[in-house]
Amino acid sequence: MQRKVCQARVIALTGCASLALAALAVPAQAAPRHGGDQARAVLSKNDGWASAEGGTTGGAAADADHVFTVTNRAELAAALNDGDDTPKIIKVKGTVHGNADDQGRPLTCEDYQRDGYTPEKYLQAYDPAVWGEREPSGPMEEARAASAAEQEKRVKLDVGSNTTLIGVGEDATILGASLQIRGVENVIVRNITFEDTYDCFPQWDPTDGESGAWNSEYDNVVVHGSRHVWIDHNTFTDGRRPDSEQPRYFGQLFQQHDGLLDIVRGADLVTVSWNVFTEHDKTILLGNSDKAEADDRGKLRTTFHHNLFEDVNERAPRVRFGQVDAYNNHFKQNEGAKYGYTWGIGKEAALVAEHNAFTLHKGLTPADTIRQWTPGTSMTERNNWVNGRYVDLLGAYNAANPDRLLGDDAGWTPALRTRVHHPLAVPYLVDRYAGAGEIKVKDGKGRR
């Protein structure tokens with residue numbers, strides 16, 4: 001993935017010295033308050049929704065006995081301590097494999113298989129030519145579910161309140177695991193590459209869409225019913241298991257990935273800043289059901305700023321219910337990458353999208369960047385630039401979709417922003433400073 005852009009080109013495009021200097025300066029958002037210790041950094045004042053109503057401090061108050069350095073799954077699980085709420089700082093060093101036993105030995109999909117399940121038997125049992133278009137049921141579907149439950153025990157890791165998870169150095173990676181931030185408060189996740197959280201046992205659903213689909217579990221990070229969460233300077237990617245290399249069964253992609261980051265079920269006050277999301281299909285979902293208004297209405301307040309979305313197919317993000325602020329992000333689509341849309345507007349969505357930059361290949365149009373899921377919805381869209389030029393993205397969408405018009409007012413105005421950069425400076429700043437490895441965190445001797 002090419003993350004750098006030509007500095008001279010940015011300066012030439014800006015056409016003025018002030019924008020050139022903005023592009024060359026280290027952004028203020030990259031240095032939150034921490035008193036010299038990045039592991040104890042807290043979210044800066046006015047830095048998105050997670051800074052509201054008391055702010056987000058994670059494990060900054062942890063005592064020396066609750067600062068850990070972990071190098072494998074067993075150590076990470078022990079440090080998380082079943083998601084207890086004791087203030088803690090967990091430093092991730094090297095690669096932590098989620099699919100591993102307590103002795104650190106890698107586990108394969110075959111190790112999780114139960115009750116006679118094999119992929120071959122499953123495909124044979126539910127071949128549409130034999131099974132038809134009914135949802136799978138019976139012994140082999142039960143065996144698939146039992147096998148999936150075994151993997152779930154290893155893959156899901158619960159994060160408690162008052163926790164900071166932060167990568168050490170430039171290569172901290174959590175591979176194949178799913179962080180569950182559920183029903184808690186005050187969590188910080190920084191400087192980690194989340195790679196290839198995959199489901200060994202996708203379920204075939206012949207009723208999903210016109211031709212059926214394979215559906216999988218496990219998002220890299222789930223924020224479920226939690227408040228005050230700061231996700232910063234991470235990289236999210238399918239990595240070594242791209243969808244493009246997966247087989248097709250029953251005519252459909254054998255999809256082993258779900259989302260990269262989901263914010264659902266009453267989650268609230270979240271800031272997502274300076275991350276890289278790359279090479280993925282269903283990227284970020286805010287609100288996972290039109291029927292979840294009891295949990296989600298008035299919540300899901302989330303800020304996205306200075307993130308790089310490169311070669312992601314859709315949901316960057318897809319929004320229901322929440323007041324969502326998306327500014328100063330770079331959305332980049334290279335030729336050959338699958339692309340559906342960027343911003344998805346669903347039930348009662350209140351997305352404000354301003355001052356973002358798009359780099360689109362010649363096969364895409366500005367109208368492609370927006371998709372409406374619920375008639376009668378609106379968004380605020382202002383000052384977004386495509387390939388170095390200002391473009392009215394909402395106007396382009398409405399011109400191309402006269403039967404599904406979007407309103408132009410999300411009904412609220414963001415106030416919790418730090419420095420807002422000109423969209424012409426955004427590609428350089430975001431491509432240079434976003435993602436894991438840009439924060440230098442030293443190792444330390446953890447105690448347990």
# chains A, B, ... in the order shown; residues from 1 in each chain; ligands from 1
$ residues_around --residues "range 210-218 of chain A" --least-positions-apart "2" --cutoff "7 Å" --atoms "only C-alpha atoms" --output "PDB file with all heavy atoms, in the first residue's frame"
ATOM      1  N   SER A 178     -10.556 -10.534  18.074  1.00  0.00           N
ATOM      2  CA  SER A 178     -11.598  -9.515  18.068  1.00  0.00           C
ATOM      3  C   SER A 178     -11.699  -8.883  19.447  1.00  0.00           C
ATOM      4  O   SER A 178     -12.078  -9.544  20.414  1.00  0.00           O
ATOM      5  CB  SER A 178     -12.947 -10.134  17.676  1.00  0.00           C
ATOM      6  OG  SER A 178     -13.991  -9.194  17.736  1.00  0.00           O
ATOM      7  N   THR A 197      -8.951 -10.625  11.197  1.00  0.00           N
ATOM      8  CA  THR A 197      -9.852 -11.285  12.139  1.00  0.00           C
ATOM      9  C   THR A 197     -10.826 -12.121  11.303  1.00  0.00           C
ATOM     10  O   THR A 197     -11.768 -11.584  10.732  1.00  0.00           O
ATOM     11  CB  THR A 197     -10.598 -10.246  12.989  1.00  0.00           C
ATOM     12  OG1 THR A 197      -9.634  -9.471  13.703  1.00  0.00           O
ATOM     13  CG2 THR A 197     -11.530 -10.910  13.977  1.00  0.00           C
ATOM     14  N   TYR A 198     -10.580 -13.402  11.224  1.00  0.00           N
ATOM     15  CA  TYR A 198     -11.301 -14.240  10.265  1.00  0.00           C
ATOM     16  C   TYR A 198     -12.144 -15.304  10.966  1.00  0.00           C
ATOM     17  O   TYR A 198     -11.822 -15.760  12.060  1.00  0.00           O
ATOM     18  CB  TYR A 198     -10.344 -14.907   9.278  1.00  0.00           C
ATOM     19  CG  TYR A 198      -9.389 -15.901   9.905  1.00  0.00           C
ATOM     20  CD1 TYR A 198      -9.699 -17.258   9.964  1.00  0.00           C
ATOM     21  CD2 TYR A 198      -8.178 -15.490  10.435  1.00  0.00           C
ATOM     22  CE1 TYR A 198      -8.834 -18.169  10.536  1.00  0.00           C
ATOM     23  CE2 TYR A 198      -7.297 -16.388  11.014  1.00  0.00           C
ATOM     24  CZ  TYR A 198      -7.630 -17.721  11.061  1.00  0.00           C
ATOM     25  OH  TYR A 198      -6.770 -18.624  11.647  1.00  0.00           O
ATOM     26  N   ASP A 199     -13.217 -15.676  10.292  1.00  0.00           N
ATOM     27  CA  ASP A 199     -14.150 -16.689  10.770  1.00  0.00           C
ATOM     28  C   ASP A 199     -13.882 -17.984  10.003  1.00  0.00           C
ATOM     29  O   ASP A 199     -13.996 -18.023   8.785  1.00  0.00           O
ATOM     30  CB  ASP A 199     -15.576 -16.191  10.518  1.00  0.00           C
ATOM     31  CG  ASP A 199     -16.657 -17.107  11.073  1.00  0.00           C
ATOM     32  OD1 ASP A 199     -16.327 -18.232  11.496  1.00  0.00           O
ATOM     33  OD2 ASP A 199     -17.831 -16.700  11.057  1.00  0.00           O
ATOM     34  N   PRO A 202     -17.932 -19.635   8.215  1.00  0.00           N
ATOM     35  CA  PRO A 202     -19.035 -18.818   7.704  1.00  0.00           C
ATOM     36  C   PRO A 202     -20.289 -19.653   7.461  1.00  0.00           C
ATOM     37  O   PRO A 202     -20.206 -20.850   7.142  1.00  0.00           O
ATOM     38  CB  PRO A 202     -18.478 -18.263   6.390  1.00  0.00           C
ATOM     39  CG  PRO A 202     -16.998 -18.320   6.547  1.00  0.00           C
ATOM     40  CD  PRO A 202     -16.743 -19.566   7.350  1.00  0.00           C
ATOM     41  N   GLN A 203     -21.428 -19.004   7.608  1.00  0.00           N
ATOM     42  CA  GLN A 203     -22.706 -19.688   7.405  1.00  0.00           C
ATOM     43  C   GLN A 203     -23.273 -19.325   6.039  1.00  0.00           C
ATOM     44  O   GLN A 203     -23.299 -18.165   5.651  1.00  0.00           O
ATOM     45  CB  GLN A 203     -23.706 -19.279   8.488  1.00  0.00           C
ATOM     46  CG  GLN A 203     -25.058 -19.994   8.371  1.00  0.00           C
ATOM     47  CD  GLN A 203     -26.042 -19.520   9.417  1.00  0.00           C
ATOM     48  OE1 GLN A 203     -26.087 -18.337   9.741  1.00  0.00           O
ATOM     49  NE2 GLN A 203     -26.816 -20.433   9.966  1.00  0.00           N
ATOM     50  N   TRP A 204     -23.732 -20.340   5.335  1.00  0.00           N
ATOM     51  CA  TRP A 204     -24.390 -20.112   4.049  1.00  0.00           C
ATOM     52  C   TRP A 204     -25.846 -19.714   4.287  1.00  0.00           C
ATOM     53  O   TRP A 204     -26.561 -20.365   5.047  1.00  0.00           O
ATOM     54  CB  TRP A 204     -24.341 -21.360   3.177  1.00  0.00           C
ATOM     55  CG  TRP A 204     -25.186 -21.270   1.938  1.00  0.00           C
ATOM     56  CD1 TRP A 204     -26.277 -22.008   1.607  1.00  0.00           C
ATOM     57  CD2 TRP A 204     -24.991 -20.362   0.837  1.00  0.00           C
ATOM     58  NE1 TRP A 204     -26.785 -21.641   0.392  1.00  0.00           N
ATOM     59  CE2 TRP A 204     -26.018 -20.626  -0.110  1.00  0.00           C
ATOM     60  CE3 TRP A 204     -24.060 -19.350   0.572  1.00  0.00           C
ATOM     61  CZ2 TRP A 204     -26.132 -19.912  -1.308  1.00  0.00           C
ATOM     62  CZ3 TRP A 204     -24.170 -18.646  -0.620  1.00  0.00           C
ATOM     63  CH2 TRP A 204     -25.187 -18.928  -1.534  1.00  0.00           C
ATOM     64  N   ASP A 205     -26.251 -18.601   3.643  1.00  0.00           N
ATOM     65  CA  ASP A 205     -27.635 -18.142   3.735  1.00  0.00           C
ATOM     66  C   ASP A 205     -28.175 -17.934   2.324  1.00  0.00           C
ATOM     67  O   ASP A 205     -27.918 -16.897   1.701  1.00  0.00           O
ATOM     68  CB  ASP A 205     -27.727 -16.845   4.528  1.00  0.00           C
ATOM     69  CG  ASP A 205     -29.176 -16.384   4.721  1.00  0.00           C
ATOM     70  OD1 ASP A 205     -30.083 -17.035   4.163  1.00  0.00           O
ATOM     71  OD2 ASP A 205     -29.384 -15.377   5.419  1.00  0.00           O
ATOM     72  N   PRO A 206     -28.923 -18.901   1.806  1.00  0.00           N
ATOM     73  CA  PRO A 206     -29.447 -18.773   0.439  1.00  0.00           C
ATOM     74  C   PRO A 206     -30.502 -17.689   0.300  1.00  0.00           C
ATOM     75  O   PRO A 206     -30.859 -17.316  -0.817  1.00  0.00           O
ATOM     76  CB  PRO A 206     -30.039 -20.157   0.165  1.00  0.00           C
ATOM     77  CG  PRO A 206     -30.353 -20.717   1.499  1.00  0.00           C
ATOM     78  CD  PRO A 206     -29.319 -20.171   2.428  1.00  0.00           C
ATOM     79  N   THR A 207     -31.013 -17.162   1.426  1.00  0.00           N
ATOM     80  CA  THR A 207     -32.048 -16.132   1.377  1.00  0.00           C
ATOM     81  C   THR A 207     -31.464 -14.710   1.433  1.00  0.00           C
ATOM     82  O   THR A 207     -32.224 -13.739   1.385  1.00  0.00           O
ATOM     83  CB  THR A 207     -33.030 -16.308   2.548  1.00  0.00           C
ATOM     84  OG1 THR A 207     -32.369 -16.002   3.791  1.00  0.00           O
ATOM     85  CG2 THR A 207     -33.559 -17.731   2.601  1.00  0.00           C
ATOM     86  N   ASP A 208     -30.143 -14.587   1.552  1.00  0.00           N
ATOM     87  CA  ASP A 208     -29.492 -13.280   1.653  1.00  0.00           C
ATOM     88  C   ASP A 208     -29.256 -12.736   0.244  1.00  0.00           C
ATOM     89  O   ASP A 208     -28.355 -13.182  -0.473  1.00  0.00           O
ATOM     90  CB  ASP A 208     -28.176 -13.415   2.403  1.00  0.00           C
ATOM     91  CG  ASP A 208     -27.544 -12.067   2.709  1.00  0.00           C
ATOM     92  OD1 ASP A 208     -27.942 -11.062   2.100  1.00  0.00           O
ATOM     93  OD2 ASP A 208     -26.638 -12.019   3.566  1.00  0.00           O
ATOM     94  N   ASN A 220     -12.860  -6.700  13.898  1.00  0.00           N
ATOM     95  CA  ASN A 220     -11.576  -6.492  14.567  1.00  0.00           C
ATOM     96  C   ASN A 220     -11.763  -5.837  15.933  1.00  0.00           C
ATOM     97  O   ASN A 220     -11.167  -6.247  16.926  1.00  0.00           O
ATOM     98  CB  ASN A 220     -10.662  -5.623  13.704  1.00  0.00           C
ATOM     99  CG  ASN A 220     -10.221  -6.315  12.444  1.00  0.00           C
ATOM    100  OD1 ASN A 220     -11.036  -6.729  11.637  1.00  0.00           O
ATOM    101  ND2 ASN A 220      -8.919  -6.444  12.254  1.00  0.00           N
ATOM    102  N   GLN A 252     -20.780 -17.596  -4.794  1.00  0.00           N
ATOM    103  CA  GLN A 252     -20.578 -16.426  -3.967  1.00  0.00           C
ATOM    104  C   GLN A 252     -19.234 -16.502  -3.231  1.00  0.00           C
ATOM    105  O   GLN A 252     -18.757 -17.589  -2.906  1.00  0.00           O
ATOM    106  CB  GLN A 252     -21.707 -16.291  -2.941  1.00  0.00           C
ATOM    107  CG  GLN A 252     -23.089 -16.171  -3.555  1.00  0.00           C
ATOM    108  CD  GLN A 252     -23.219 -14.955  -4.441  1.00  0.00           C
ATOM    109  OE1 GLN A 252     -22.829 -13.854  -4.058  1.00  0.00           O
ATOM    110  NE2 GLN A 252     -23.768 -15.139  -5.643  1.00  0.00           N
ATOM    111  N   LEU A 253     -18.659 -15.320  -2.966  1.00  0.00           N
ATOM    112  CA  LEU A 253     -17.397 -15.257  -2.246  1.00  0.00           C
ATOM    113  C   LEU A 253     -17.526 -15.919  -0.882  1.00  0.00           C
ATOM    114  O   LEU A 253     -18.475 -15.644  -0.134  1.00  0.00           O
ATOM    115  CB  LEU A 253     -16.971 -13.793  -2.063  1.00  0.00           C
ATOM    116  CG  LEU A 253     -15.701 -13.572  -1.231  1.00  0.00           C
ATOM    117  CD1 LEU A 253     -14.479 -14.038  -2.003  1.00  0.00           C
ATOM    118  CD2 LEU A 253     -15.566 -12.091  -0.842  1.00  0.00           C
ATOM    119  N   PHE A 254     -16.593 -16.785  -0.549  1.00  0.00           N
ATOM    120  CA  PHE A 254     -16.539 -17.405   0.764  1.00  0.00           C
ATOM    121  C   PHE A 254     -15.973 -16.371   1.732  1.00  0.00           C
ATOM    122  O   PHE A 254     -14.775 -16.323   2.008  1.00  0.00           O
ATOM    123  CB  PHE A 254     -15.674 -18.666   0.727  1.00  0.00           C
ATOM    124  CG  PHE A 254     -15.741 -19.488   1.986  1.00  0.00           C
ATOM    125  CD1 PHE A 254     -16.923 -20.095   2.370  1.00  0.00           C
ATOM    126  CD2 PHE A 254     -14.614 -19.674   2.775  1.00  0.00           C
ATOM    127  CE1 PHE A 254     -16.990 -20.872   3.530  1.00  0.00           C
ATOM    128  CE2 PHE A 254     -14.665 -20.449   3.930  1.00  0.00           C
ATOM    129  CZ  PHE A 254     -15.858 -21.032   4.302  1.00  0.00           C
ATOM    130  N   GLN A 255     -16.868 -15.509   2.236  1.00  0.00           N
ATOM    131  CA  GLN A 255     -16.483 -14.328   3.004  1.00  0.00           C
ATOM    132  C   GLN A 255     -16.155 -14.715   4.446  1.00  0.00           C
ATOM    133  O   GLN A 255     -17.028 -15.118   5.209  1.00  0.00           O
ATOM    134  CB  GLN A 255     -17.620 -13.306   2.977  1.00  0.00           C
ATOM    135  CG  GLN A 255     -17.367 -12.046   3.770  1.00  0.00           C
ATOM    136  CD  GLN A 255     -16.129 -11.293   3.322  1.00  0.00           C
ATOM    137  OE1 GLN A 255     -15.044 -11.499   3.876  1.00  0.00           O
ATOM    138  NE2 GLN A 255     -16.289 -10.451   2.317  1.00  0.00           N
ATOM    139  N   GLN A 256     -14.873 -14.575   4.815  1.00  0.00           N
ATOM    140  CA  GLN A 256     -14.440 -14.916   6.165  1.00  0.00           C
ATOM    141  C   GLN A 256     -14.254 -13.689   7.060  1.00  0.00           C
ATOM    142  O   GLN A 256     -13.878 -13.842   8.221  1.00  0.00           O
ATOM    143  CB  GLN A 256     -13.141 -15.719   6.114  1.00  0.00           C
ATOM    144  CG  GLN A 256     -13.319 -17.121   5.533  1.00  0.00           C
ATOM    145  CD  GLN A 256     -12.070 -17.962   5.671  1.00  0.00           C
ATOM    146  OE1 GLN A 256     -11.188 -17.948   4.819  1.00  0.00           O
ATOM    147  NE2 GLN A 256     -11.978 -18.696   6.785  1.00  0.00           N
ATOM    148  N   HIS A 257     -14.519 -12.501   6.534  1.00  0.00           N
ATOM    149  CA  HIS A 257     -14.358 -11.282   7.325  1.00  0.00           C
ATOM    150  C   HIS A 257     -15.699 -10.587   7.501  1.00  0.00           C
ATOM    151  O   HIS A 257     -16.506 -10.534   6.592  1.00  0.00           O
ATOM    152  CB  HIS A 257     -13.393 -10.318   6.629  1.00  0.00           C
ATOM    153  CG  HIS A 257     -12.034 -10.865   6.420  1.00  0.00           C
ATOM    154  ND1 HIS A 257     -11.494 -11.088   5.166  1.00  0.00           N
ATOM    155  CD2 HIS A 257     -11.091 -11.262   7.304  1.00  0.00           C
ATOM    156  CE1 HIS A 257     -10.274 -11.582   5.286  1.00  0.00           C
ATOM    157  NE2 HIS A 257     -10.008 -11.703   6.581  1.00  0.00           N
ATOM    158  N   ASP A 258     -15.896 -10.011   8.687  1.00  0.00           N
ATOM    159  CA  ASP A 258     -17.053  -9.144   8.913  1.00  0.00           C
ATOM    160  C   ASP A 258     -16.557  -7.698   8.848  1.00  0.00           C
ATOM    161  O   ASP A 258     -15.968  -7.290   7.865  1.00  0.00           O
ATOM    162  CB  ASP A 258     -17.721  -9.497  10.236  1.00  0.00           C
ATOM    163  CG  ASP A 258     -19.108  -8.904  10.383  1.00  0.00           C
ATOM    164  OD1 ASP A 258     -19.631  -8.331   9.402  1.00  0.00           O
ATOM    165  OD2 ASP A 258     -19.690  -9.004  11.467  1.00  0.00           O
TER     166      ASP A 258
END
$ residues_around --residues "Glu348 in chain A" --least-positions-apart "6" --cutoff "9 Å" --atoms "only C-alpha atoms" --output "ChimeraX atom specification"
/A:290,297,319-322,374,377-378
$ residues_around --residues "Gly116 in chain A" --least-positions-apart "6" --cutoff "12 Å" --atoms "only C-alpha atoms" --output "number ranges by chain"
A: 110, 122, 139-147
$ select_by_dssp --residues "range 266-353 of chain A" --states "strand (DSSP E or B)" --output "number ranges by chain"
A: 268-273, 276-282, 284-286, 302-305, 308-314, 318-319, 323-327, 330-333, 343-345, 350-353
$ atom_distance --atom1 "CA of Leu393 in chain A" --atom2 "CA of Thr365 in chain A"
9.4 Å
$ decode --residues "range 363-391 of chain A" --atoms "N, CA and C atoms" --output "mmCIF file, in the first residue's frame"
data_model
loop_
_atom_site.group_PDB
_atom_site.id
_atom_site.type_symbol
_atom_site.label_atom_id
_atom_site.label_comp_id
_atom_site.auth_asym_id
_atom_site.auth_seq_id
_atom_site.Cartn_x
_atom_site.Cartn_y
_atom_site.Cartn_z
ATOM 1 N N GLY A 363 -12.465 5.662 -13.185
ATOM 2 C CA GLY A 363 -13.683 4.886 -13.389
ATOM 3 C C GLY A 363 -14.792 5.214 -12.409
ATOM 4 N N LEU A 364 -14.525 6.070 -11.405
ATOM 5 C CA LEU A 364 -15.517 6.425 -10.394
ATOM 6 C C LEU A 364 -15.950 7.875 -10.561
ATOM 7 N N THR A 365 -17.183 8.160 -10.143
ATOM 8 C CA THR A 365 -17.712 9.513 -10.211
ATOM 9 C C THR A 365 -18.038 10.005 -8.803
ATOM 10 N N PRO A 366 -18.134 11.308 -8.592
ATOM 11 C CA PRO A 366 -18.498 11.825 -7.270
ATOM 12 C C PRO A 366 -19.818 11.276 -6.760
ATOM 13 N N ALA A 367 -20.768 11.004 -7.630
ATOM 14 C CA ALA A 367 -22.060 10.470 -7.195
ATOM 15 C C ALA A 367 -21.928 9.100 -6.557
ATOM 16 N N ASP A 368 -20.851 8.382 -6.852
ATOM 17 C CA ASP A 368 -20.663 7.036 -6.305
ATOM 18 C C ASP A 368 -20.348 7.053 -4.816
ATOM 19 N N THR A 369 -19.963 8.191 -4.262
ATOM 20 C CA THR A 369 -19.449 8.229 -2.895
ATOM 21 C C THR A 369 -20.534 8.119 -1.830
ATOM 22 N N ILE A 370 -21.803 8.338 -2.206
ATOM 23 C CA ILE A 370 -22.899 8.348 -1.235
ATOM 24 C C ILE A 370 -23.934 7.307 -1.624
ATOM 25 N N ARG A 371 -24.487 6.637 -0.617
ATOM 26 C CA ARG A 371 -25.621 5.740 -0.849
ATOM 27 C C ARG A 371 -26.662 5.968 0.246
ATOM 28 N N GLN A 372 -27.894 6.071 -0.174
ATOM 29 C CA GLN A 372 -28.999 6.264 0.754
ATOM 30 C C GLN A 372 -29.735 4.954 0.953
ATOM 31 N N TRP A 373 -29.966 4.599 2.210
ATOM 32 C CA TRP A 373 -30.654 3.349 2.530
ATOM 33 C C TRP A 373 -32.097 3.579 2.961
ATOM 34 N N THR A 374 -32.390 4.769 3.465
ATOM 35 C CA THR A 374 -33.725 5.055 3.982
ATOM 36 C C THR A 374 -34.253 6.330 3.337
ATOM 37 N N PRO A 375 -35.355 6.275 2.595
ATOM 38 C CA PRO A 375 -35.900 7.482 1.970
ATOM 39 C C PRO A 375 -36.231 8.548 3.006
ATOM 40 N N GLY A 376 -36.067 9.806 2.599
ATOM 41 C CA GLY A 376 -36.404 10.909 3.475
ATOM 42 C C GLY A 376 -35.307 11.330 4.428
ATOM 43 N N THR A 377 -34.136 10.731 4.330
ATOM 44 C CA THR A 377 -33.026 11.079 5.205
ATOM 45 C C THR A 377 -32.221 12.246 4.631
ATOM 46 N N SER A 378 -31.317 12.789 5.458
ATOM 47 C CA SER A 378 -30.516 13.949 5.076
ATOM 48 C C SER A 378 -29.089 13.781 5.572
ATOM 49 N N MET A 379 -28.198 14.574 5.023
ATOM 50 C CA MET A 379 -26.840 14.692 5.525
ATOM 51 C C MET A 379 -26.360 16.113 5.265
ATOM 52 N N THR A 380 -25.388 16.551 6.042
ATOM 53 C CA THR A 380 -24.713 17.809 5.767
ATOM 54 C C THR A 380 -23.405 17.490 5.065
ATOM 55 N N GLU A 381 -23.216 18.035 3.872
ATOM 56 C CA GLU A 381 -22.016 17.745 3.080
ATOM 57 C C GLU A 381 -21.466 19.062 2.560
ATOM 58 N N ARG A 382 -20.260 19.433 3.022
ATOM 59 C CA ARG A 382 -19.687 20.724 2.631
ATOM 60 C C ARG A 382 -18.172 20.619 2.461
ATOM 61 N N ASN A 383 -17.677 21.347 1.488
ATOM 62 C CA ASN A 383 -16.238 21.566 1.297
ATOM 63 C C ASN A 383 -15.441 20.269 1.220
ATOM 64 N N ASN A 384 -15.950 19.315 0.468
ATOM 65 C CA ASN A 384 -15.196 18.092 0.199
ATOM 66 C C ASN A 384 -14.606 18.169 -1.207
ATOM 67 N N TRP A 385 -13.369 17.699 -1.335
ATOM 68 C CA TRP A 385 -12.625 17.855 -2.590
ATOM 69 C C TRP A 385 -12.315 16.478 -3.176
ATOM 70 N N VAL A 386 -12.365 16.399 -4.491
ATOM 71 C CA VAL A 386 -12.089 15.156 -5.215
ATOM 72 C C VAL A 386 -10.964 15.407 -6.210
ATOM 73 N N ASN A 387 -9.891 14.642 -6.078
ATOM 74 C CA ASN A 387 -8.746 14.741 -6.985
ATOM 75 C C ASN A 387 -8.264 16.183 -7.131
ATOM 76 N N GLY A 388 -8.197 16.886 -5.972
ATOM 77 C CA GLY A 388 -7.640 18.220 -5.949
ATOM 78 C C GLY A 388 -8.581 19.334 -6.328
ATOM 79 N N ARG A 389 -9.879 19.028 -6.471
ATOM 80 C CA ARG A 389 -10.847 20.063 -6.832
ATOM 81 C C ARG A 389 -12.078 19.961 -5.943
ATOM 82 N N TYR A 390 -12.675 21.121 -5.650
ATOM 83 C CA TYR A 390 -13.920 21.116 -4.895
ATOM 84 C C TYR A 390 -15.024 20.479 -5.733
ATOM 85 N N VAL A 391 -15.817 19.615 -5.100
ATOM 86 C CA VAL A 391 -16.951 18.971 -5.769
ATOM 87 C C VAL A 391 -18.140 18.959 -4.804
#
